[in-house]
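Engineer: final.txt is reproduced in full below (compact mmCIF, C-alpha atoms and all ligand atoms).
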```txt
# COMPACT_ATOMS: atom_id res chain seq x y z
CA MET A 1 54.43 59.42 -32.19
CA ALA A 2 57.35 61.85 -32.27
CA ALA A 3 58.74 61.89 -28.76
CA SER A 4 60.36 65.30 -28.98
CA LEU A 5 60.48 68.65 -30.70
CA PRO A 6 63.17 69.23 -33.32
CA PRO A 7 65.95 71.36 -31.76
CA THR A 8 66.98 74.13 -34.17
CA ASP A 9 68.85 77.43 -34.43
CA VAL A 10 66.68 78.53 -37.33
CA VAL A 11 63.01 78.95 -36.48
CA PRO A 12 60.92 77.65 -39.40
CA THR A 13 58.32 79.78 -41.15
CA VAL A 14 54.86 78.23 -41.48
CA GLU A 15 52.26 79.78 -43.78
CA HIS A 16 48.65 78.74 -43.42
CA ASP A 17 45.35 80.38 -44.34
CA GLY A 18 46.61 83.97 -44.23
CA ILE A 19 48.73 83.41 -41.12
CA VAL A 20 52.51 83.35 -40.87
CA LEU A 21 54.17 81.62 -37.93
CA CYS A 22 57.82 82.62 -37.59
CA ALA A 23 60.53 83.64 -35.15
CA LEU A 24 59.99 86.32 -32.53
CA GLU A 25 62.12 89.34 -33.42
CA ARG A 26 63.52 92.27 -31.48
CA ARG A 27 60.89 94.55 -33.00
CA ASP A 28 58.26 92.44 -31.20
CA ALA A 29 59.59 93.64 -27.84
CA ARG A 30 57.17 96.33 -26.84
CA ARG A 31 57.84 96.48 -23.12
CA ARG A 32 61.02 96.44 -21.08
CA GLY A 33 62.02 92.90 -20.29
CA CYS A 34 60.57 91.46 -23.50
CA GLU A 35 64.02 91.22 -25.10
CA ARG A 36 64.92 88.64 -22.49
CA GLN A 37 61.83 86.60 -23.30
CA ILE A 38 62.68 86.72 -27.00
CA ALA A 39 66.23 85.49 -26.32
CA ASP A 40 64.79 82.81 -24.07
CA ALA A 41 62.41 81.67 -26.84
CA ALA A 42 65.40 81.26 -29.21
CA ARG A 43 67.21 79.26 -26.53
CA ARG A 44 64.17 76.98 -26.06
CA TRP A 45 64.05 76.33 -29.81
CA ARG A 46 67.76 75.41 -29.71
CA THR A 47 67.29 72.91 -26.86
CA GLY A 48 64.06 71.44 -28.25
CA GLU A 49 62.35 72.39 -24.99
CA GLN A 50 59.67 74.51 -26.60
CA ALA A 51 58.74 75.66 -30.11
CA ILE A 52 57.58 79.27 -29.76
CA PHE A 53 56.20 81.04 -32.83
CA ALA A 54 55.29 84.66 -33.42
CA VAL A 55 51.90 84.93 -35.15
CA ARG A 56 51.65 87.52 -37.95
CA GLU A 57 49.33 88.15 -40.87
CA SER A 58 52.32 88.68 -43.17
CA ALA A 59 56.03 87.99 -42.82
CA ASP A 60 56.82 91.66 -42.09
CA GLY A 61 53.57 92.36 -40.24
CA PRO A 62 53.28 93.24 -36.56
CA LEU A 63 53.01 90.64 -33.84
CA ALA A 64 49.41 89.40 -33.48
CA GLY A 65 50.03 86.69 -30.90
CA ILE A 66 52.18 83.79 -29.83
CA VAL A 67 51.56 80.05 -30.21
CA ASP A 68 53.79 77.35 -28.81
CA VAL A 69 54.17 73.65 -28.10
CA ARG A 70 56.24 72.25 -25.26
CA ALA A 71 58.38 69.13 -25.35
CA PRO A 72 56.76 66.06 -23.75
CA GLY A 73 56.35 66.04 -19.98
CA PRO A 74 56.78 62.93 -17.82
CA ASP A 75 53.53 61.54 -19.26
CA GLY A 76 54.85 61.85 -22.82
CA ALA A 77 52.32 64.53 -23.76
CA ILE A 78 53.21 67.48 -26.00
CA ARG A 79 51.26 70.55 -24.84
CA ALA A 80 50.20 73.61 -26.79
CA SER A 81 49.19 77.07 -25.67
CA TRP A 82 48.32 80.32 -27.42
CA THR A 83 47.88 84.01 -26.73
CA ILE A 84 46.37 86.49 -29.14
CA LEU A 85 47.05 90.17 -28.44
CA PRO A 86 43.90 92.06 -27.36
CA GLY A 87 43.74 94.37 -30.41
CA GLN A 88 43.95 91.36 -32.76
CA ARG A 89 41.03 89.30 -31.51
CA GLY A 90 37.78 88.65 -33.35
CA ARG A 91 39.24 88.00 -36.81
CA SER A 92 39.84 84.24 -36.44
CA ILE A 93 43.58 84.87 -36.12
CA GLY A 94 43.70 82.56 -33.08
CA ARG A 95 41.96 79.67 -34.78
CA ARG A 96 44.08 79.97 -37.92
CA ALA A 97 47.28 80.30 -35.88
CA VAL A 98 46.47 77.19 -33.84
CA GLU A 99 45.59 75.30 -37.03
CA ALA A 100 48.94 76.39 -38.48
CA LEU A 101 50.70 75.18 -35.33
CA LEU A 102 48.95 71.79 -35.52
CA ALA A 103 49.77 71.48 -39.23
CA TRP A 104 53.42 72.08 -38.37
CA CYS A 105 53.19 69.48 -35.57
CA ALA A 106 51.73 66.93 -38.00
CA GLU A 107 54.62 67.62 -40.41
CA GLN A 108 57.05 66.86 -37.58
CA GLY A 109 55.34 63.49 -37.02
CA ILE A 110 53.68 64.68 -33.79
CA GLU A 111 50.42 62.76 -33.68
CA GLU A 112 48.96 64.03 -30.43
CA VAL A 113 48.88 67.49 -28.82
CA TRP A 114 47.24 68.39 -25.52
CA ALA A 115 46.08 71.71 -24.15
CA HIS A 116 43.97 73.02 -21.34
CA VAL A 117 41.90 76.17 -21.18
CA GLU A 118 40.01 77.73 -18.30
CA ARG A 119 36.36 76.72 -18.38
CA THR A 120 35.39 80.38 -18.18
CA ASN A 121 37.46 81.26 -21.26
CA ARG A 122 34.81 80.34 -23.80
CA ALA A 123 36.50 82.14 -26.69
CA SER A 124 39.66 80.10 -26.22
CA ALA A 125 37.72 76.83 -25.89
CA ARG A 126 35.73 77.63 -29.05
CA LEU A 127 38.90 78.51 -30.94
CA ALA A 128 40.46 75.19 -29.91
CA MET A 129 37.40 73.17 -31.00
CA HIS A 130 37.38 74.87 -34.37
CA ALA A 131 41.08 74.16 -34.77
CA GLY A 132 40.46 70.42 -34.17
CA PHE A 133 40.88 69.85 -30.42
CA ARG A 134 38.32 67.74 -28.55
CA VAL A 135 37.35 68.05 -24.91
CA VAL A 136 38.50 64.86 -23.20
CA GLY A 137 38.07 65.83 -19.56
CA ASP A 138 37.43 68.61 -17.12
CA ASP A 139 37.69 69.62 -13.51
CA ASP A 140 36.49 72.61 -11.53
CA ARG A 141 38.84 74.97 -13.35
CA TRP A 142 40.03 73.48 -16.61
CA LEU A 143 38.80 71.89 -19.80
CA TYR A 144 41.36 69.33 -20.99
CA LEU A 145 41.75 69.16 -24.74
CA ARG A 146 43.37 66.74 -27.11
CA TRP A 147 44.13 66.98 -30.78
CA THR A 148 45.19 63.94 -32.70
CA ALA A 149 46.40 63.46 -36.23
CA SER A 150 45.17 59.88 -36.05
CA ALA A 151 42.16 58.85 -38.08
CA THR A 152 41.50 55.98 -35.69
CA ASP A 153 40.79 57.97 -32.55
CA ILE A 154 37.99 56.39 -30.49
CA ASP A 155 35.15 57.81 -28.48
CA GLU A 156 35.68 56.42 -24.97
CA THR A 157 32.33 57.72 -23.73
CA ALA A 158 30.51 55.75 -26.41
CA LEU A 159 32.31 52.60 -25.21
CA ALA A 160 31.78 53.21 -21.50
CA GLY A 161 28.51 51.27 -21.28
CA PRO A 162 25.28 53.31 -21.56
CA GLU A 163 24.28 52.32 -18.02
CA HIS A 164 27.35 54.07 -16.57
CA LEU A 165 26.22 57.31 -18.17
CA ASP A 166 22.74 57.03 -16.67
CA PRO A 167 22.35 58.95 -13.37
CA ALA A 168 19.55 56.60 -12.20
CA TYR A 169 21.76 53.52 -12.69
CA VAL A 170 24.67 55.29 -11.01
CA ALA A 171 22.44 56.16 -8.03
CA GLY A 172 21.82 52.42 -7.50
CA TYR A 173 25.37 51.33 -8.41
CA ASP A 174 26.74 50.81 -4.91
CA ARG A 175 23.84 48.55 -3.95
CA LYS A 176 24.33 46.47 -7.07
CA ALA A 177 28.12 46.47 -7.31
CA ALA A 178 29.49 47.08 -3.80
CA PHE A 179 32.91 45.59 -3.11
CA ASP A 180 35.38 45.60 -0.27
CA PRO A 181 38.47 47.62 -1.25
CA ALA A 182 40.52 46.41 1.77
CA GLU A 183 42.45 43.63 0.03
CA ASP A 184 43.52 45.79 -2.93
CA LEU A 185 44.48 48.60 -0.60
CA ALA A 186 46.58 46.18 1.46
CA VAL A 187 48.34 44.98 -1.70
CA LEU A 188 49.22 48.53 -2.76
CA ARG A 189 50.31 49.48 0.76
CA SER A 190 52.52 46.42 0.94
CA ARG A 191 54.15 47.70 -2.26
CA GLY A 192 54.93 51.12 -0.80
CA LEU A 193 51.75 53.18 -1.12
CA GLY A 194 52.01 55.64 1.75
CA ALA A 195 51.53 59.14 3.06
CA ASP A 196 53.72 60.72 0.34
CA SER A 197 52.21 58.77 -2.54
CA THR A 198 49.98 59.79 -5.41
CA LEU A 199 47.54 57.17 -6.68
CA ILE A 200 45.38 57.23 -9.80
CA ASP A 201 42.15 55.22 -9.88
CA ILE A 202 41.13 54.71 -13.52
CA GLY A 203 37.45 54.09 -14.19
CA ALA A 204 36.84 54.92 -10.56
CA GLY A 205 33.05 54.46 -10.75
CA THR A 206 31.40 55.84 -7.63
CA GLY A 207 34.79 56.13 -5.89
CA THR A 208 34.74 53.15 -3.50
CA PHE A 209 38.46 52.48 -3.89
CA ALA A 210 39.54 56.11 -4.30
CA LEU A 211 37.82 57.13 -1.07
CA ALA A 212 39.14 54.11 0.83
CA ALA A 213 42.70 54.88 -0.31
CA ALA A 214 42.55 58.64 0.34
CA PRO A 215 43.44 58.52 4.09
CA TYR A 216 46.65 56.60 3.26
CA CYS A 217 47.95 58.78 0.40
CA ARG A 218 49.00 62.33 -0.22
CA ARG A 219 46.76 62.58 -3.28
CA VAL A 220 44.29 60.39 -5.12
CA ILE A 221 43.26 61.21 -8.68
CA ALA A 222 39.97 59.51 -9.52
CA ILE A 223 39.25 59.53 -13.22
CA ASP A 224 36.16 58.30 -14.99
CA VAL A 225 34.78 59.02 -18.43
CA SER A 226 31.16 59.12 -17.22
CA PRO A 227 29.84 62.52 -16.05
CA ALA A 228 27.31 60.74 -13.79
CA MET A 229 30.04 58.68 -12.09
CA VAL A 230 32.22 61.77 -11.72
CA ALA A 231 29.34 63.63 -10.04
CA ALA A 232 28.88 60.67 -7.66
CA ILE A 233 32.57 60.59 -6.68
CA ARG A 234 32.67 64.37 -6.19
CA ALA A 235 29.64 64.23 -3.91
CA ARG A 236 31.12 61.31 -1.99
CA ALA A 237 34.48 63.07 -1.57
CA VAL A 238 32.74 66.18 -0.23
CA ARG A 239 30.67 64.09 2.20
CA ALA A 240 33.83 62.35 3.41
CA GLY A 241 35.78 65.64 3.65
CA ALA A 242 38.44 63.98 1.46
CA ASP A 243 40.08 67.11 0.10
CA ASN A 244 43.06 65.14 -1.26
CA VAL A 245 40.83 63.43 -3.84
CA VAL A 246 40.98 65.10 -7.25
CA VAL A 247 38.19 63.99 -9.57
CA VAL A 248 38.70 64.24 -13.32
CA GLN A 249 36.17 63.44 -16.00
CA ALA A 250 38.26 61.75 -18.67
CA GLY A 251 38.80 58.45 -20.39
CA VAL A 252 42.01 56.57 -19.77
CA LEU A 253 43.18 57.34 -23.32
CA GLY A 254 42.09 60.95 -23.17
CA TYR A 255 43.31 61.78 -19.66
CA ALA A 256 45.84 64.64 -19.67
CA HIS A 257 47.96 64.19 -16.57
CA ASP A 258 49.19 67.40 -15.01
CA GLY A 259 52.11 66.82 -12.69
CA GLY A 260 54.92 64.37 -12.16
CA PRO A 261 54.78 60.59 -12.43
CA VAL A 262 52.61 58.84 -9.85
CA ASP A 263 53.39 55.98 -7.46
CA ALA A 264 50.48 53.65 -8.10
CA ILE A 265 47.55 53.04 -10.42
CA TYR A 266 44.44 51.10 -9.54
CA THR A 267 41.88 50.05 -12.09
CA ARG A 268 38.99 47.69 -11.48
CA ASN A 269 36.47 46.47 -14.04
CA ALA A 270 37.11 49.37 -16.42
CA LEU A 271 39.66 48.11 -18.97
CA HIS A 272 37.13 45.69 -20.50
CA HIS A 273 35.35 48.70 -22.02
CA LEU A 274 38.16 49.07 -24.55
CA PRO A 275 38.77 46.75 -27.52
CA ASP A 276 42.07 44.89 -27.23
CA PRO A 277 44.29 47.19 -29.34
CA TRP A 278 43.13 50.12 -27.21
CA LYS A 279 43.67 48.14 -24.01
CA ALA A 280 47.29 47.73 -25.09
CA ILE A 281 47.59 51.47 -25.75
CA ALA A 282 45.87 52.30 -22.44
CA LEU A 283 48.25 50.02 -20.54
CA ARG A 284 51.19 51.72 -22.19
CA ARG A 285 49.80 55.08 -21.13
CA MET A 286 49.44 53.77 -17.57
CA ALA A 287 53.06 52.63 -17.55
CA GLY A 288 54.02 56.11 -18.77
CA LEU A 289 52.17 57.73 -15.88
CA LEU A 290 54.02 55.71 -13.24
CA VAL A 291 57.41 56.27 -11.64
CA GLN A 292 59.98 53.62 -12.44
CA GLY A 293 59.09 50.69 -10.18
CA GLY A 294 55.56 52.08 -9.63
CA THR A 295 52.70 49.63 -9.09
CA LEU A 296 49.64 48.84 -11.17
CA ARG A 297 46.87 46.88 -9.47
CA LEU A 298 44.54 45.68 -12.22
CA ARG A 299 41.36 43.67 -11.68
CA ASP A 300 38.89 42.84 -14.37
CA LEU A 301 36.51 40.40 -15.89
CA VAL A 302 39.07 38.40 -17.87
CA PHE A 303 38.58 34.83 -19.08
CA SER A 304 41.28 32.38 -18.04
CA PHE A 305 40.07 29.31 -19.97
CA PRO A 306 41.55 28.29 -23.32
CA ALA A 307 39.85 29.42 -26.55
CA ALA A 308 38.65 25.86 -27.15
CA ASP A 309 36.60 26.03 -23.92
CA ALA A 310 35.33 29.59 -24.39
CA GLU A 311 31.68 28.81 -25.10
CA SER A 312 31.25 26.32 -22.27
CA GLY A 313 33.36 28.48 -19.94
CA ILE A 314 31.25 31.56 -20.58
CA ARG A 315 28.04 29.56 -20.14
CA ARG A 316 29.32 28.08 -16.86
CA TRP A 317 30.25 31.54 -15.58
CA ILE A 318 26.87 33.06 -16.48
CA ASP A 319 24.98 30.12 -14.91
CA ALA A 320 26.99 30.42 -11.71
CA THR A 321 26.88 34.20 -11.42
CA ALA A 322 23.55 35.48 -12.74
CA SER A 323 21.33 37.21 -10.20
CA GLU A 324 17.54 37.19 -10.23
CA ASP A 325 17.48 40.78 -9.02
CA ALA A 326 19.14 43.54 -11.09
CA ALA A 327 19.21 45.82 -8.02
CA VAL A 328 21.72 43.64 -6.17
CA GLY A 329 23.65 41.85 -8.90
CA TRP A 330 23.98 41.24 -12.62
CA THR A 331 21.17 39.38 -14.33
CA ARG A 332 21.65 36.79 -17.06
CA ALA A 333 20.64 39.38 -19.67
CA GLU A 334 23.21 41.84 -18.34
CA LEU A 335 25.99 39.25 -18.31
CA GLU A 336 25.10 38.17 -21.84
CA ALA A 337 25.16 41.82 -22.94
CA HIS A 338 28.59 42.13 -21.33
CA VAL A 339 29.95 39.26 -23.43
CA ARG A 340 28.25 40.52 -26.58
CA ASP A 341 28.84 44.28 -26.34
CA GLU A 342 31.92 44.77 -24.20
CA HIS A 343 35.50 43.63 -24.57
CA SER A 344 36.48 41.17 -21.87
CA THR A 345 39.58 39.44 -23.10
CA PHE A 346 41.59 36.32 -22.20
CA THR A 347 44.35 36.23 -19.60
CA TRP A 348 46.66 34.79 -22.28
CA LEU A 349 46.11 37.92 -24.40
CA LEU A 350 46.14 40.47 -21.58
CA GLU A 351 49.38 39.28 -20.02
CA PRO A 352 51.54 39.84 -23.13
CA MET A 353 49.87 43.26 -23.44
CA LEU A 354 50.98 44.12 -19.90
CA GLU A 355 54.50 43.02 -20.73
CA GLN A 356 54.56 44.96 -24.02
CA ALA A 357 53.38 48.04 -22.12
CA GLY A 358 56.46 47.84 -19.90
CA PHE A 359 55.07 46.02 -16.87
CA GLU A 360 56.40 43.04 -15.00
CA ILE A 361 53.58 40.95 -13.54
CA VAL A 362 54.61 40.21 -9.97
CA GLU A 363 51.38 38.55 -8.80
CA SER A 364 48.37 37.19 -10.62
CA ALA A 365 45.29 35.30 -9.52
CA TYR A 366 42.44 33.80 -11.52
CA ALA A 367 39.02 33.14 -9.98
CA PRO A 368 38.13 29.40 -10.10
CA ILE A 369 35.08 30.19 -12.26
CA GLY A 370 37.51 31.30 -14.96
CA ALA A 371 36.14 34.79 -15.49
CA TYR A 372 38.00 37.19 -13.20
CA ALA A 373 41.68 37.98 -12.89
CA ASP A 374 43.75 40.21 -10.60
CA TYR A 375 47.24 41.44 -11.36
CA THR A 376 49.87 43.32 -9.45
CA CYS A 377 52.47 44.72 -11.81
CA ILE A 378 55.44 47.03 -11.58
CA THR A 379 56.92 49.16 -14.31
CA SER A 380 59.89 47.27 -15.60
CA ARG A 381 61.46 49.75 -18.00
CA PRO A 382 61.80 53.51 -18.31
C1 LIG B 401 32.03 48.48 -14.08
S1 LIG B 401 32.41 50.12 -13.62
C2 LIG B 401 33.67 49.89 -12.39
C3 LIG B 401 33.72 51.04 -11.43
C4 LIG B 401 34.66 50.82 -10.26
N1 LIG B 401 36.04 50.74 -10.68
C5 LIG B 401 34.29 49.58 -9.51
O1 LIG B 401 35.07 48.64 -9.50
O2 LIG B 401 33.18 49.56 -8.95
C6 LIG B 401 33.35 50.69 -15.00
C7 LIG B 401 33.68 52.17 -14.89
O3 LIG B 401 34.64 52.49 -15.88
C8 LIG B 401 34.27 53.71 -16.49
N2 LIG B 401 34.88 53.70 -17.82
C9 LIG B 401 34.51 53.02 -18.91
N3 LIG B 401 35.34 53.24 -19.93
C10 LIG B 401 36.29 54.08 -19.45
C11 LIG B 401 37.43 54.69 -20.03
N4 LIG B 401 37.77 54.47 -21.30
N5 LIG B 401 38.18 55.50 -19.26
C12 LIG B 401 37.84 55.75 -17.96
N6 LIG B 401 36.75 55.23 -17.37
C13 LIG B 401 36.00 54.39 -18.11
C14 LIG B 401 32.77 53.69 -16.49
O4 LIG B 401 32.20 54.96 -16.62
C15 LIG B 401 32.49 53.08 -15.13
O5 LIG B 401 32.43 54.03 -14.12
```
Take the structure from the file and write it as structure tokens.
Structural biologist:
Amino acid sequence: MAASLPPTDVVPTVEHDGIVLCALERRDARRRGCERQIADAARRWRTGEQAIFAVRESADGPLAGIVDVRAPGPDGAIRASWTILPGQRGRSIGRRAVEALLAWCAEQGIEEVWAHVERTNRASARLAMHAGFRVVGDDDRWLYLRWTASATDIDETALAGPEHLDPAYVAGYDRKAAFDPAEDLAVLRSRGLGADSTLIDIGAGTGTFALAAAPYCRRVIAIDVSPAMVAAIRARAVRAGADNVVVVQAGVLGYAHDGGPVDAIYTRNALHHLPDPWKAIALRRMAGLLVQGGTLRLRDLVFSFPAADAESGIRRWIDATASEDAAVGWTRAELEAHVRDEHSTFTWLLEPMLEQAGFEIVESAYAPIGAYADYTCITSRP
């Protein structure tokens, strides 16, 4: 992925489907003060901070709107926005202009562009969808959108486990899958999580950890790809009066982080939903979200036996763990489905992935049964 925008003194001209993207000119300044904005746009092109295009229907035509992309923020994301002048709406100028912008991005080697639009702005959301963006998350105000040039983009919701999307299953989740967050919280606090910290919980489920951490942090961002889980966390946060918990419906790959780097990331039993190549990409994204020296606490169902012992190890784990009652634990059929349909990996594959992503593993522990691992990692490179 291109990590930056090309700095230039000469704004390129992009022609696409009856739309011309080009430099803003003095004639575009209709109100006092606009000249300054036009000069500022040229400066931003020169520094590579932002690529701001005038939208016209012909090279010498009047200004119909503005489209732009901003250089990557701390999370590495390039963001787009667009404005179409009121008199110019309703003729698909917006869609064609955004398509032209994305075509230019692709030419620059930019493989991923993010945007957000207000949920109430249906016209803008529709325009974005038609131009190739996909909704990857939302909150009370915004729809978060992602466009990718990649043909190998995956659908994180489809991989999330159908049960996690089912409100009835989610309603019984805490009875079945309750856990004590105290030890993980203590680990993160011992590594500096405190009153000024921001923490992200990825695949937060019903919010057990996010809600337990909230009193000790400035802000907790709980993200989960499942709408039913997100509804459960929101309800729980309201009940607890935890107004520093922000809940975002998004997958780890699709999450568009708004704000500076965060101090800590927690993720429990969520990473196994992604196939290994995507785990590696997700871990890299996590490292990119953290401040230098920030902490990742990762727990998951990871096999620590050698490949040669995999079949017997998996059988031993299922025999030792299976519950008779699906309401209070995982049955044999559920554990077998986990092995068959999900993507638990081996510790000896996951650990190099963590290192490749830019983490140093500072603590690790494997459960004696050979099927669970915990890691505490810190970001080891910028
Ligand atoms: C087994 S639950 C674990 C929930 C919680 N962390 C816990 O430990 O109880 C897995 C959670 O990860 C979510 N999930 C699955 N794939 C995800 C993805 N790609 N991005 C974010 N969340 C995901 C699921 O919706 C589900 O809530």
Engineer: Give me the residues within 7 Å of Ala204 in chain A as a PyMOL selection string, counting only C-alpha atoms and dropping any in the same chain fewer than 6 places off.
Structural biologist: chain A and resi 210+222-224
Engineer: Rounded to one decimal, what separation in Å do you get between CA of Asp309 in chain A and CA of Pro368 in chain A?
Structural biologist: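 These two atoms are separated by 14.3 Å.
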Engineer: Give the answer as one residue: which of A:Asp276, A:Asp17, A:Glu25, A:Asp201 has the shortest atom-to-atom distance to ligand LIG 401 (chain B), using only C-alpha atoms and all ligand atoms?
Structural biologist: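 Counting only C-alpha atoms and all ligand atoms, the residue closest to ligand LIG 401 (chain B) is A:Asp201.
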Engineer: Could you list the protein, DNA and RNA residues that have any atom within 8 Å of ligand LIG 401 (chain B), counting all atoms listed in the file, and write them as a ChimeraX atom specification?
Structural biologist: /A:156-157,159-161,164-165,174,177-179,201-209,223-227,229,250-254,267-274
Engineer: Please compute the CA of Val262 in chain A-CA of Cys217 in chain A distance, one decimal, in Å.
Structural biologist: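 Atom-to-atom, CA of Val262 in chain A to CA of Cys217 in chain A, that is 11.3 Å.
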Engineer: Take CA of Tyr375 in chain A and CA of Ile200 in chain A and report the distance between them in Å, one decimal.
Structural biologist: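 Calculated distance between CA of Tyr375 in chain A and CA of Ile200 in chain A is 16.0 Å.
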Engineer: Please identify all polymer residues lying at most 12 Å from the point (34.0, 41.4, -23.9) (file coordinates), using only C-alpha atoms, and present the result as JSON, numbers by chain.
Structural biologist: {"A": [159, 161, 269, 270, 271, 272, 273, 274, 275, 276, 279, 300, 301, 302, 303, 310, 314, 335, 336, 337, 338, 339, 340, 341, 342, 343, 344, 345, 346, 371]}
Engineer: Excluding same-chain residues fewer than 6 positions from Ala367 in chain A, what lies within 9 Å of it counting only C-alpha atoms, as a PyMOL selection string?
Structural biologist: chain A and resi 304+373-374
Engineer: Need the shell around range 355-365 of chain A: protein/DNA/RNA residues with any atom at most 9 Å away, counting all atoms listed in the file. Skip same-chain ones fewer than 2 positions apart. Format as a VMD selection string?
Structural biologist: chain A and resid 280 to 288 295 to 296 350 to 353 367 372 to 382
Engineer: For those residues, write C-alpha atoms to a file as a tab-separated table (two decimals), keeping the file's coordinate frame.
Structural biologist:
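For reference, out.tsv as written:
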```tsv
chain	number	residue	atom	x	y	z
A	280	ALA	CA	47.29	47.73	-25.09
A	281	ILE	CA	47.59	51.47	-25.75
A	282	ALA	CA	45.87	52.30	-22.44
A	283	LEU	CA	48.25	50.02	-20.54
A	284	ARG	CA	51.19	51.72	-22.19
A	285	ARG	CA	49.80	55.08	-21.13
A	286	MET	CA	49.44	53.77	-17.57
A	287	ALA	CA	53.06	52.63	-17.55
A	288	GLY	CA	54.02	56.11	-18.77
A	295	THR	CA	52.70	49.63	-9.09
A	296	LEU	CA	49.64	48.84	-11.17
A	350	LEU	CA	46.14	40.47	-21.58
A	351	GLU	CA	49.38	39.28	-20.02
A	352	PRO	CA	51.54	39.84	-23.13
A	353	MET	CA	49.87	43.26	-23.44
A	367	ALA	CA	39.02	33.14	-9.98
A	372	TYR	CA	38.00	37.19	-13.20
A	373	ALA	CA	41.68	37.98	-12.89
A	374	ASP	CA	43.75	40.21	-10.60
A	375	TYR	CA	47.24	41.44	-11.36
A	376	THR	CA	49.87	43.32	-9.45
A	377	CYS	CA	52.47	44.72	-11.81
A	378	ILE	CA	55.44	47.03	-11.58
A	379	THR	CA	56.92	49.16	-14.31
A	380	SER	CA	59.89	47.27	-15.60
A	381	ARG	CA	61.46	49.75	-18.00
A	382	PRO	CA	61.80	53.51	-18.31
```
Engineer: Tell me which protein, DNA and RNA residues are within 10 Å of Phe133 in chain A, counting all atoms listed in the file, leaving out same-chain ones fewer than 6 positions away, and put them as a PyMOL selection string.
Structural biologist: chain A and resi 98-99+102+112-115+125-127+144-148
Engineer: Just the residues within 9 Å of Ala59 in chain A, please, counting all atoms listed in the file, with nothing from its chain fewer than 2 positions along; format it as a VMD selection string.
Structural biologist: chain A and resid 13 19 to 22 56 to 57 61 to 62
Engineer: At most 7 Å is the cut-off: for each residue in range 258-363 of chain A with any atom that close to an atom of range 73-77 of chain A, write down the nearest atom pair and the distance in Å rounded to one decimal, counting all atoms listed in the file, chain first then increasing number, as a Markdown table.
Structural biologist:
```
| residue | atom | partner | partner_atom | distance |
| --- | --- | --- | --- | --- |
| A:Gly260 | CA | A:Pro74 | CA | 6.1 |
| A:Pro261 | CA | A:Pro74 | CA | 6.2 |
| A:Gly288 | CA | A:Asp75 | CA | 5.5 |
| A:Leu289 | CA | A:Asp75 | CA | 5.3 |
```
Engineer: Could you check which of A:Glu49, A:Val69, A:Leu24, A:Val11 is closest to Gln37 in chain A, using only C-alpha atoms?
Structural biologist: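 Looking only at the distances to Gln37 in chain A, the closest residue turns out to be A:Leu24.
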Engineer: Counting only C-alpha atoms, figure out which residue out of A:Pro86, A:Gly313, A:Pro7, A:Gly48 gets nearest to Leu63 in chain A.
Structural biologist: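 For Leu63 in chain A, the nearest of the candidates is A:Pro86.
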Engineer: Restricting the calculation to all atoms listed in the file, which member of A:Arg27, A:Arg219, A:Arg332, A:Arg91 is positioned closest to Asp243 in chain A?
Structural biologist: A:Arg219
Engineer: So, counting only C-alpha atoms, which residue among A:Leu211, A:Met129, A:Ala195, A:Ala158 is closest to Gly241 in chain A?
Structural biologist: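 Counting only C-alpha atoms, the residue closest to Gly241 in chain A is A:Leu211.
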Engineer: With distances taken over only C-alpha atoms, which of A:Arg79, A:His130, A:Arg239, A:Arg141 is nearest to Glu118 in chain A?
Structural biologist: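 Among the listed residues, A:Arg141 lies closest to Glu118 in chain A.
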